[in-house]
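Coordinates from query23.cif are shown below (mmCIF, N, CA and C atoms).
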```
data_structure
loop_
_atom_site.group_PDB
_atom_site.id
_atom_site.type_symbol
_atom_site.label_atom_id
_atom_site.label_comp_id
_atom_site.auth_asym_id
_atom_site.auth_seq_id
_atom_site.Cartn_x
_atom_site.Cartn_y
_atom_site.Cartn_z
ATOM 1 N N MET A 22 -22.440 16.278 23.115
ATOM 2 C CA MET A 22 -21.225 16.460 23.886
ATOM 3 C C MET A 22 -20.627 15.111 24.293
ATOM 4 N N PHE A 23 -21.516 14.173 24.666
ATOM 5 C CA PHE A 23 -21.053 12.855 25.085
ATOM 6 C C PHE A 23 -20.313 12.150 23.958
ATOM 7 N N ARG A 24 -20.869 12.208 22.730
ATOM 8 C CA ARG A 24 -20.229 11.548 21.588
ATOM 9 C C ARG A 24 -18.857 12.139 21.304
ATOM 10 N N LYS A 25 -18.742 13.460 21.414
ATOM 11 C CA LYS A 25 -17.454 14.111 21.164
ATOM 12 C C LYS A 25 -16.428 13.682 22.210
ATOM 13 N N THR A 26 -16.835 13.616 23.456
ATOM 14 C CA THR A 26 -15.947 13.181 24.526
ATOM 15 C C THR A 26 -15.554 11.720 24.334
ATOM 16 N N LEU A 27 -16.516 10.880 23.958
ATOM 17 C CA LEU A 27 -16.233 9.471 23.726
ATOM 18 C C LEU A 27 -15.258 9.297 22.559
ATOM 19 N N ALA A 28 -15.470 10.036 21.479
ATOM 20 C CA ALA A 28 -14.585 9.949 20.316
ATOM 21 C C ALA A 28 -13.182 10.421 20.671
ATOM 22 N N THR A 29 -13.079 11.497 21.426
ATOM 23 C CA THR A 29 -11.774 12.011 21.838
ATOM 24 C C THR A 29 -11.055 11.015 22.733
ATOM 25 N N THR A 30 -11.781 10.408 23.656
ATOM 26 C CA THR A 30 -11.192 9.411 24.553
ATOM 27 C C THR A 30 -10.706 8.204 23.759
ATOM 28 N N ALA A 31 -11.513 7.724 22.813
ATOM 29 C CA ALA A 31 -11.120 6.583 21.998
ATOM 30 C C ALA A 31 -9.878 6.902 21.174
ATOM 31 N N LEU A 32 -9.819 8.115 20.616
ATOM 32 C CA LEU A 32 -8.651 8.516 19.836
ATOM 33 C C LEU A 32 -7.407 8.570 20.703
ATOM 34 N N LEU A 33 -7.510 9.141 21.895
ATOM 35 C CA LEU A 33 -6.364 9.214 22.797
ATOM 36 C C LEU A 33 -5.891 7.821 23.206
ATOM 37 N N LEU A 34 -6.823 6.920 23.481
ATOM 38 C CA LEU A 34 -6.443 5.555 23.840
ATOM 39 C C LEU A 34 -5.751 4.867 22.674
ATOM 40 N N ALA A 35 -6.253 5.076 21.470
ATOM 41 C CA ALA A 35 -5.639 4.449 20.296
ATOM 42 C C ALA A 35 -4.238 4.985 20.057
ATOM 43 N N LEU A 36 -4.041 6.270 20.263
ATOM 44 C CA LEU A 36 -2.736 6.878 20.014
ATOM 45 C C LEU A 36 -1.707 6.548 21.084
ATOM 46 N N THR A 37 -2.161 6.287 22.286
ATOM 47 C CA THR A 37 -1.223 6.043 23.382
ATOM 48 C C THR A 37 -1.036 4.565 23.693
ATOM 49 N N SER A 38 -1.849 3.689 23.095
ATOM 50 C CA SER A 38 -1.707 2.256 23.351
ATOM 51 C C SER A 38 -0.465 1.726 22.656
ATOM 52 N N PRO A 39 0.341 0.933 23.361
ATOM 53 C CA PRO A 39 1.527 0.365 22.717
ATOM 54 C C PRO A 39 1.119 -0.673 21.669
ATOM 55 N N LEU A 40 1.851 -0.713 20.568
ATOM 56 C CA LEU A 40 1.607 -1.730 19.549
ATOM 57 C C LEU A 40 2.148 -3.057 20.045
ATOM 58 N N ARG A 41 1.397 -4.094 19.835
ATOM 59 C CA ARG A 41 1.807 -5.419 20.258
ATOM 60 C C ARG A 41 1.927 -6.323 19.049
ATOM 61 N N ALA A 42 2.761 -7.329 19.155
ATOM 62 C CA ALA A 42 2.964 -8.271 18.052
ATOM 63 C C ALA A 42 1.661 -8.964 17.668
ATOM 64 N N GLU A 43 0.772 -9.150 18.632
ATOM 65 C CA GLU A 43 -0.472 -9.844 18.339
ATOM 66 C C GLU A 43 -1.566 -8.902 17.865
ATOM 67 N N SER A 44 -1.232 -7.646 17.594
ATOM 68 C CA SER A 44 -2.214 -6.699 17.084
ATOM 69 C C SER A 44 -2.769 -7.191 15.755
ATOM 70 N N LEU A 45 -3.995 -6.860 15.485
ATOM 71 C CA LEU A 45 -4.685 -7.324 14.288
ATOM 72 C C LEU A 45 -5.053 -6.132 13.421
ATOM 73 N N LEU A 46 -4.749 -6.213 12.154
ATOM 74 C CA LEU A 46 -5.135 -5.186 11.202
ATOM 75 C C LEU A 46 -6.389 -5.653 10.486
ATOM 76 N N ARG A 47 -7.445 -4.872 10.590
ATOM 77 C CA ARG A 47 -8.689 -5.197 9.896
ATOM 78 C C ARG A 47 -8.910 -4.167 8.802
ATOM 79 N N ILE A 48 -9.192 -4.642 7.612
ATOM 80 C CA ILE A 48 -9.443 -3.761 6.476
ATOM 81 C C ILE A 48 -10.839 -4.052 5.958
ATOM 82 N N ALA A 49 -11.693 -3.036 5.942
ATOM 83 C CA ALA A 49 -13.035 -3.200 5.401
ATOM 84 C C ALA A 49 -12.950 -3.211 3.886
ATOM 85 N N ASN A 50 -13.604 -4.176 3.276
ATOM 86 C CA ASN A 50 -13.555 -4.328 1.830
ATOM 87 C C ASN A 50 -14.952 -4.659 1.346
ATOM 88 N N ASP A 51 -15.576 -3.716 0.660
ATOM 89 C CA ASP A 51 -16.927 -3.956 0.167
ATOM 90 C C ASP A 51 -16.945 -3.861 -1.356
ATOM 91 N N TYR A 52 -16.094 -4.646 -1.990
ATOM 92 C CA TYR A 52 -16.038 -4.644 -3.449
ATOM 93 C C TYR A 52 -16.777 -5.837 -4.037
ATOM 94 N N GLY A 53 -17.453 -6.612 -3.201
ATOM 95 C CA GLY A 53 -18.236 -7.731 -3.677
ATOM 96 C C GLY A 53 -17.427 -8.977 -3.991
ATOM 97 N N TYR A 54 -16.181 -9.069 -3.501
ATOM 98 C CA TYR A 54 -15.329 -10.207 -3.816
ATOM 99 C C TYR A 54 -15.183 -11.176 -2.652
ATOM 100 N N GLY A 55 -15.769 -10.880 -1.533
ATOM 101 C CA GLY A 55 -15.580 -11.737 -0.372
ATOM 102 C C GLY A 55 -14.287 -11.391 0.350
ATOM 103 N N ALA A 56 -13.924 -12.210 1.306
ATOM 104 C CA ALA A 56 -12.752 -11.936 2.138
ATOM 105 C C ALA A 56 -11.458 -12.206 1.372
ATOM 106 N N ALA A 57 -10.471 -11.358 1.612
ATOM 107 C CA ALA A 57 -9.143 -11.585 1.042
ATOM 108 C C ALA A 57 -8.512 -12.764 1.771
ATOM 109 N N THR A 58 -7.828 -13.607 1.032
ATOM 110 C CA THR A 58 -7.206 -14.777 1.643
ATOM 111 C C THR A 58 -5.696 -14.629 1.736
ATOM 112 N N THR A 59 -5.143 -13.547 1.157
ATOM 113 C CA THR A 59 -3.705 -13.325 1.183
ATOM 114 C C THR A 59 -3.432 -11.832 1.071
ATOM 115 N N MET A 60 -2.264 -11.414 1.547
ATOM 116 C CA MET A 60 -1.839 -10.025 1.386
ATOM 117 C C MET A 60 -0.802 -9.908 0.270
ATOM 118 N N ASP A 61 -0.590 -10.976 -0.484
ATOM 119 C CA ASP A 61 0.324 -10.968 -1.617
ATOM 120 C C ASP A 61 -0.366 -10.249 -2.777
ATOM 121 N N PRO A 62 0.176 -9.104 -3.219
ATOM 122 C CA PRO A 62 -0.518 -8.349 -4.270
ATOM 123 C C PRO A 62 -0.651 -9.117 -5.578
ATOM 124 N N TYR A 63 0.266 -10.025 -5.865
ATOM 125 C CA TYR A 63 0.180 -10.829 -7.088
ATOM 126 C C TYR A 63 -1.039 -11.747 -7.054
ATOM 127 N N ASP A 64 -1.302 -12.324 -5.897
ATOM 128 C CA ASP A 64 -2.438 -13.233 -5.753
ATOM 129 C C ASP A 64 -3.735 -12.523 -5.391
ATOM 130 N N SER A 65 -3.683 -11.213 -5.187
ATOM 131 C CA SER A 65 -4.856 -10.467 -4.732
ATOM 132 C C SER A 65 -5.242 -9.365 -5.710
ATOM 133 N N ILE A 66 -5.084 -9.591 -6.995
ATOM 134 C CA ILE A 66 -5.327 -8.544 -7.969
ATOM 135 C C ILE A 66 -6.757 -8.013 -7.884
ATOM 136 N N ARG A 67 -7.698 -8.855 -7.511
ATOM 137 C CA ARG A 67 -9.076 -8.374 -7.411
ATOM 138 C C ARG A 67 -9.286 -7.460 -6.210
ATOM 139 N N PHE A 68 -8.325 -7.428 -5.288
ATOM 140 C CA PHE A 68 -8.412 -6.546 -4.121
ATOM 141 C C PHE A 68 -7.510 -5.329 -4.280
ATOM 142 N N TRP A 69 -7.202 -4.944 -5.526
ATOM 143 C CA TRP A 69 -6.244 -3.857 -5.755
ATOM 144 C C TRP A 69 -6.600 -2.565 -5.040
ATOM 145 N N PRO A 70 -7.882 -2.195 -4.853
ATOM 146 C CA PRO A 70 -8.126 -0.951 -4.095
ATOM 147 C C PRO A 70 -7.578 -1.038 -2.674
ATOM 148 N N THR A 71 -7.707 -2.202 -2.038
ATOM 149 C CA THR A 71 -7.167 -2.397 -0.696
ATOM 150 C C THR A 71 -5.657 -2.505 -0.735
ATOM 151 N N MET A 72 -5.124 -3.226 -1.700
ATOM 152 C CA MET A 72 -3.676 -3.403 -1.794
ATOM 153 C C MET A 72 -2.970 -2.066 -2.043
ATOM 154 N N ASN A 73 -3.622 -1.139 -2.749
ATOM 155 C CA ASN A 73 -3.016 0.175 -2.973
ATOM 156 C C ASN A 73 -2.810 0.944 -1.671
ATOM 157 N N LEU A 74 -3.546 0.584 -0.632
ATOM 158 C CA LEU A 74 -3.356 1.223 0.667
ATOM 159 C C LEU A 74 -2.135 0.658 1.393
ATOM 160 N N VAL A 75 -1.685 -0.521 0.979
ATOM 161 C CA VAL A 75 -0.588 -1.202 1.654
ATOM 162 C C VAL A 75 0.703 -1.149 0.853
ATOM 163 N N TYR A 76 0.592 -1.332 -0.466
ATOM 164 C CA TYR A 76 1.762 -1.412 -1.331
ATOM 165 C C TYR A 76 1.828 -0.211 -2.262
ATOM 166 N N ASP A 77 3.003 0.044 -2.801
ATOM 167 C CA ASP A 77 3.190 1.105 -3.784
ATOM 168 C C ASP A 77 3.762 0.490 -5.049
ATOM 169 N N ALA A 78 3.691 1.232 -6.146
ATOM 170 C CA ALA A 78 4.187 0.758 -7.433
ATOM 171 C C ALA A 78 5.605 1.263 -7.668
ATOM 172 N N LEU A 79 6.332 0.590 -8.545
ATOM 173 C CA LEU A 79 7.656 1.069 -8.929
ATOM 174 C C LEU A 79 7.549 2.380 -9.707
ATOM 175 N N VAL A 80 6.622 2.410 -10.651
ATOM 176 C CA VAL A 80 6.392 3.615 -11.456
ATOM 177 C C VAL A 80 4.894 3.792 -11.637
ATOM 178 N N THR A 81 4.501 4.964 -12.090
ATOM 179 C CA THR A 81 3.119 5.248 -12.443
ATOM 180 C C THR A 81 3.139 5.978 -13.779
ATOM 181 N N LEU A 82 1.991 6.201 -14.348
ATOM 182 C CA LEU A 82 1.904 6.893 -15.631
ATOM 183 C C LEU A 82 1.182 8.220 -15.468
ATOM 184 N N ASP A 83 1.701 9.251 -16.153
ATOM 185 C CA ASP A 83 0.992 10.526 -16.159
ATOM 186 C C ASP A 83 -0.156 10.418 -17.170
ATOM 187 N N PRO A 84 -1.027 11.425 -17.263
ATOM 188 C CA PRO A 84 -2.160 11.337 -18.187
ATOM 189 C C PRO A 84 -1.760 11.099 -19.646
ATOM 190 N N GLY A 85 -0.554 11.496 -20.028
ATOM 191 C CA GLY A 85 -0.093 11.276 -21.394
ATOM 192 C C GLY A 85 0.575 9.929 -21.610
ATOM 193 N N GLY A 86 0.673 9.093 -20.554
ATOM 194 C CA GLY A 86 1.275 7.776 -20.668
ATOM 195 C C GLY A 86 2.768 7.747 -20.397
ATOM 196 N N LYS A 87 3.345 8.875 -19.974
ATOM 197 C CA LYS A 87 4.774 8.934 -19.659
ATOM 198 C C LYS A 87 5.003 8.351 -18.259
ATOM 199 N N PRO A 88 5.975 7.429 -18.107
ATOM 200 C CA PRO A 88 6.238 6.858 -16.781
ATOM 201 C C PRO A 88 6.833 7.898 -15.824
ATOM 202 N N LEU A 89 6.339 7.859 -14.603
ATOM 203 C CA LEU A 89 6.815 8.740 -13.532
ATOM 204 C C LEU A 89 7.288 7.883 -12.361
ATOM 205 N N PRO A 90 8.294 8.336 -11.626
ATOM 206 C CA PRO A 90 8.801 7.530 -10.498
ATOM 207 C C PRO A 90 7.810 7.436 -9.350
ATOM 208 N N ARG A 91 7.807 6.301 -8.683
ATOM 209 C CA ARG A 91 7.097 6.098 -7.422
ATOM 210 C C ARG A 91 8.133 5.535 -6.447
ATOM 211 N N LEU A 92 8.241 4.207 -6.340
ATOM 212 C CA LEU A 92 9.290 3.623 -5.509
ATOM 213 C C LEU A 92 10.638 3.692 -6.213
ATOM 214 N N ALA A 93 10.621 3.562 -7.519
ATOM 215 C CA ALA A 93 11.862 3.609 -8.296
ATOM 216 C C ALA A 93 12.215 5.061 -8.597
ATOM 217 N N THR A 94 13.482 5.405 -8.413
ATOM 218 C CA THR A 94 13.938 6.755 -8.748
ATOM 219 C C THR A 94 14.488 6.807 -10.163
ATOM 220 N N ASP A 95 14.935 5.664 -10.656
ATOM 221 C CA ASP A 95 15.541 5.593 -11.979
ATOM 222 C C ASP A 95 15.422 4.166 -12.476
ATOM 223 N N TRP A 96 15.343 3.988 -13.781
ATOM 224 C CA TRP A 96 15.279 2.659 -14.350
ATOM 225 C C TRP A 96 15.848 2.681 -15.758
ATOM 226 N N SER A 97 16.284 1.505 -16.181
ATOM 227 C CA SER A 97 16.845 1.383 -17.530
ATOM 228 C C SER A 97 16.555 -0.017 -18.045
ATOM 229 N N ALA A 98 16.585 -0.143 -19.377
ATOM 230 C CA ALA A 98 16.318 -1.421 -20.018
ATOM 231 C C ALA A 98 17.551 -1.868 -20.784
ATOM 232 N N SER A 99 17.700 -3.184 -20.912
ATOM 233 C CA SER A 99 18.778 -3.729 -21.735
ATOM 234 C C SER A 99 18.453 -3.435 -23.205
ATOM 235 N N ASP A 100 19.412 -3.630 -24.059
ATOM 236 C CA ASP A 100 19.227 -3.348 -25.490
ATOM 237 C C ASP A 100 18.083 -4.145 -26.105
ATOM 238 N N ASP A 101 17.893 -5.380 -25.637
ATOM 239 C CA ASP A 101 16.810 -6.197 -26.193
ATOM 240 C C ASP A 101 15.484 -6.011 -25.442
ATOM 241 N N LEU A 102 15.451 -5.102 -24.458
ATOM 242 C CA LEU A 102 14.252 -4.781 -23.660
ATOM 243 C C LEU A 102 13.717 -5.968 -22.860
ATOM 244 N N ARG A 103 14.557 -6.954 -22.633
ATOM 245 C CA ARG A 103 14.119 -8.122 -21.866
ATOM 246 C C ARG A 103 14.518 -8.046 -20.395
ATOM 247 N N THR A 104 15.467 -7.185 -20.069
ATOM 248 C CA THR A 104 15.924 -7.031 -18.692
ATOM 249 C C THR A 104 15.824 -5.566 -18.303
ATOM 250 N N TRP A 105 15.146 -5.321 -17.200
ATOM 251 C CA TRP A 105 14.996 -3.950 -16.693
ATOM 252 C C TRP A 105 15.682 -3.853 -15.337
ATOM 253 N N THR A 106 16.341 -2.739 -15.075
ATOM 254 C CA THR A 106 16.991 -2.478 -13.798
ATOM 255 C C THR A 106 16.330 -1.262 -13.170
ATOM 256 N N PHE A 107 15.842 -1.424 -11.931
ATOM 257 C CA PHE A 107 15.190 -0.343 -11.203
ATOM 258 C C PHE A 107 16.036 0.023 -9.996
ATOM 259 N N HIS A 108 16.222 1.299 -9.771
ATOM 260 C CA HIS A 108 16.912 1.799 -8.580
ATOM 261 C C HIS A 108 15.841 2.375 -7.655
ATOM 262 N N LEU A 109 15.784 1.839 -6.433
ATOM 263 C CA LEU A 109 14.747 2.232 -5.493
ATOM 264 C C LEU A 109 15.149 3.436 -4.659
ATOM 265 N N ARG A 110 14.138 4.162 -4.202
ATOM 266 C CA ARG A 110 14.371 5.250 -3.259
ATOM 267 C C ARG A 110 15.104 4.695 -2.047
ATOM 268 N N GLU A 111 15.906 5.524 -1.413
ATOM 269 C CA GLU A 111 16.634 5.096 -0.218
ATOM 270 C C GLU A 111 15.636 4.745 0.890
ATOM 271 N N GLY A 112 15.931 3.659 1.568
ATOM 272 C CA GLY A 112 15.089 3.225 2.681
ATOM 273 C C GLY A 112 13.929 2.333 2.269
ATOM 274 N N VAL A 113 13.795 2.025 0.999
ATOM 275 C CA VAL A 113 12.713 1.197 0.498
ATOM 276 C C VAL A 113 13.204 -0.231 0.315
ATOM 277 N N LEU A 114 12.420 -1.188 0.764
ATOM 278 C CA LEU A 114 12.742 -2.603 0.568
ATOM 279 C C LEU A 114 11.793 -3.168 -0.460
ATOM 280 N N PHE A 115 12.323 -4.036 -1.320
ATOM 281 C CA PHE A 115 11.473 -4.652 -2.349
ATOM 282 C C PHE A 115 11.703 -6.144 -2.342
#
```

Please express what this file holds, its structure, as structure tokens.
Amino acid sequence: MFRKTLATTALLLALTSPLRAESLLRIANDYGYGAATTMDPYDSIRFWPTMNLVYDALVTLDPGGKPLPRLATDWSASDDLRTWTFHLREGVLF
């Protein structure tokens, strides 16, 4: 009973505490790579399981390899396939 009350109290405190600018986000990562040194997904490819919790992809692939929308709602390629244009979902910043 004590543990349940303690857990409930901790949850209520977490939900009602105001967020502060100095708040710290801690992410547990046990992939054997050591501590992440950046949150830049380009520089953190070895931390992709953690980065997937923070960032989303423009598109994803279905089991047959067909691209499906994620952040992008629509995309097109130039005739030479060297330039791609992606249209993002409303409210998304890239």

Rounded to one decimal place, report the atom C of A:Trp105-atom C of A:Val75 distance in Å.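 Pair atom C of A:Trp105 / atom C of A:Val75 returns 22.2 Å.
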
Could you work out how far atom N of A:Tyr76 lies from atom CA of A:Trp96, giving the answer in Å with one decimal?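 Separation of atom CA of A:Trp96 and atom N of A:Tyr76: 20.6 Å.
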
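Pairwise distance (atom N of A:Leu109, atom CA of A:Thr94) equals 5.7 Å.
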
Counting only C-alpha atoms, which residues come within 12 Å of (14.1, 5.0, 0.6), with the point read in the file's coordinates, and could you list them as an NGL selection string? :A and (91-94 or 108-115)

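Excluding A:Pro90 itself and same-chain residues fewer than 6 positions from it, the residues having an atom within 6 Å of it are Leu79, Val80 and Thr81 of chain A, counting only N, CA and C atoms.
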